[in-house]
Amino acid sequence: MATFTKSVYTFNPVLRDTVITIGAKKIAYVAYESFTVDTNSEPALDASFSKFTGATDIVVDLRHNGGGYVTVAEYLINLLAPQSSQGKMAFAEYYNATMVNKQAILLKTQPVYLNNVRQNYSYYDLDYSVSENTTNVNKKGNFNSSNNVPTIYFIVSKSTASASELVINSLKPYYNVVLIGAAFSDNGALTYGKPIGFFELRLGTYSVFLSSFETKNAQGAGGYFTGMSTNYQAFDDVRFNFGDPNEICFLRAIRLITGVSTYLPGSIASSTLGRSVYSGTTQNMIGRAIGDVSNISGMIATPQK
């Protein structure tokens, strides 16, 4: 008879990071798996981006990232954004007229919890206007501080959803964004298509997450419910690890960056492939008890006064 024991494990949301040099090109790469809570994700992302100072190009691999916390999506946007976007709009959340006009009476019964601590106000008391739910760029880190990186490359798939799509859409006004689709079949590659998010509602002993708002970028663009179209397609190459320049999707990005369509991986001058050194934090990833928002695919907001 087998015995199962509930326990915790250490989760690092950064699968791999690397910097490779090809001629004058210094290409940064990071594979990010999930927008976990800020205390878990932010140190891991900082550890990766500390290696990317002076990079001429960057490839962000979100092919298996189904989303997570909006606050962490904002953090990644701030790491990737060029210095010239400082203080400009990243994205805005659009709530329905019932919530904006204070007609969602049932929200009076829903107190807000921050870090699982009950606040002295309810969701009804919040301001759901666009002006109060607009997030501006607050540049972090040294990546692209000199504004010399014109293009950002994302590796995506049908599993790229929600907060991942929010990051991509928010950066489109400030970069030439190129999507490389990791297709899982001959049906092609689109992202999942989820420009909407939610916050936690507590009903008895359960947490419920209902679609609550839509996001749009600084150009008012959103509505990608059918997914974002990729510029280039390649199969998800399971023969090689994330960040390996032999892997077809990353190789496609390298060829686009270098402009050499016949480029072979063996010509790389240097590589520092490795899993992020960040050790992570322990999280209980089992169950869906009240207050448990771990390992949820989606776009989770943390509204507050």
# chains A, B, ... in the order shown; residues from 1 in each chain; ligands from 1
>>> select_by_dssp(residues="stretch 78-134 of chain A", states="strand (DSSP E or B)", output="MDAnalysis selection string")
chainID A and resid 89:95 111:114 117:122 134
>>> residues_around(residues="A:Glu42", least_positions_apart="5", cutoff="9 Å", atoms="only C-alpha atoms", output="list in words")
Thr36, Val37, Ala47, Val72, Tyr75 and Leu76 of chain A
>>> write_last_selection(atoms="C-alpha atoms", output="tab-separated table (two decimals), in the first residue's frame")
chain	number	residue	atom	x	y	z
A	36	THR	CA	4.40	33.30	-8.75
A	37	VAL	CA	4.09	35.57	-5.70
A	47	ALA	CA	19.27	37.11	-10.37
A	72	VAL	CA	4.81	40.33	-10.91
A	75	TYR	CA	7.76	43.80	-12.29
A	76	LEU	CA	8.90	41.91	-15.39
>>> select_by_dssp(residues="stretch 52-106 of chain A", states="alpha helix (DSSP H)", output="list of chain:residue names")
A:Val70, A:Thr71, A:Val72, A:Ala73, A:Glu74, A:Tyr75, A:Leu76, A:Ile77, A:Asn78, A:Leu79, A:Leu80, A:Ala97, A:Thr98, A:Met99, A:Val100
>>> write_last_selection(atoms="C-alpha atoms", output="short mmCIF file (atom, residue, chain, number, x, y, z; two decimals), in the first residue's frame")
data_model
loop_
_atom_site.label_atom_id
_atom_site.label_comp_id
_atom_site.auth_asym_id
_atom_site.auth_seq_id
_atom_site.Cartn_x
_atom_site.Cartn_y
_atom_site.Cartn_z
CA VAL A 70 -0.39 41.03 -12.15
CA THR A 71 2.05 42.68 -9.74
CA VAL A 72 4.81 40.33 -10.91
CA ALA A 73 3.89 40.90 -14.56
CA GLU A 74 4.36 44.60 -13.80
CA TYR A 75 7.76 43.80 -12.29
CA LEU A 76 8.90 41.91 -15.39
CA ILE A 77 7.63 44.74 -17.61
CA ASN A 78 9.75 47.17 -15.58
CA LEU A 79 12.83 44.96 -15.98
CA LEU A 80 12.37 44.65 -19.75
CA ALA A 97 -20.00 49.61 -15.63
CA THR A 98 -21.73 47.85 -12.72
CA MET A 99 -18.51 47.88 -10.69
CA VAL A 100 -17.42 51.36 -11.81
#
>>> residues_around(residues="A:Glu200", least_positions_apart="3", cutoff="7 Å", atoms="only C-alpha atoms", output="ChimeraX atom specification")
/A:207-209
>>> residues_around(residues="A:Thr191", least_positions_apart="5", cutoff="12 Å", atoms="only C-alpha atoms", output="PyMOL selection string")
chain A and resi 62-67+154-166+168-169+179-184+224-231+233
>>> atom_distance(atom1="atom CA of A:Asn133", atom2="atom CA of A:Tyr95")
9.1 Å
>>> residues_around(residues="stretch 101-105 of chain A", least_positions_apart="6", cutoff="12 Å", atoms="only C-alpha atoms", output="PyMOL selection string")
chain A and resi 95+122-129+212
>>> closest_residue(among="A:Leu256, A:Ala81, A:Ile27, A:Leu210", to="A:Asn142", atoms="only C-alpha atoms")
A:Ala81
>>> closest_residue(among="A:Asn115, A:Ser170, A:Ser7, A:Gln110", to="A:Asn136", atoms="only C-alpha atoms")
A:Ser170
>>> atom_distance(atom1="atom CA of A:Ser84", atom2="atom CA of A:Asn176")
14.1 Å
>>> atom_distance(atom1="atom CA of A:Ser48", atom2="atom CA of A:Glu33")
13.3 Å
>>> closest_residue(among="A:Pro303, A:Pro82, A:Gly197, A:Pro150", to="A:Glu132", atoms="only C-alpha atoms")
A:Pro303
>>> closest_residue(among="A:Ser131, A:Asn241, A:Asn246, A:Ser211", to="A:Leu15", atoms="only C-alpha atoms")
A:Asn241
>>> closest_residue(among="A:Phe52, A:Tyr121, A:Tyr206, A:Tyr175", to="A:Tyr153", atoms="only C-alpha atoms")
A:Tyr175
>>> closest_residue(among="A:Gly243, A:Gly54, A:Gly87, A:Pro173", to="A:Phe143", atoms="only C-alpha atoms")
A:Gly54
>>> residues_around(residues="stretch 56-58 of chain A", least_positions_apart="2", cutoff="6 Å", atoms="only C-alpha atoms", output="list of chain:residue names")
A:Lys25, A:Lys26, A:Ile27, A:Ala28, A:Tyr29, A:Val149, A:Ile152
>>> write_last_selection(atoms="C-alpha atoms", output="CSV table (one decimal), in the first residue's frame")
chain,number,residue,atom,x,y,z
A,25,LYS,CA,25.9,40.4,-30.6
A,26,LYS,CA,25.4,39.7,-26.9
A,27,ILE,CA,22.1,37.7,-26.6
A,28,ALA,CA,20.4,37.4,-23.3
A,29,TYR,CA,17.9,34.5,-22.8
A,149,VAL,CA,17.8,47.4,-27.9
A,152,ILE,CA,12.4,42.0,-28.1
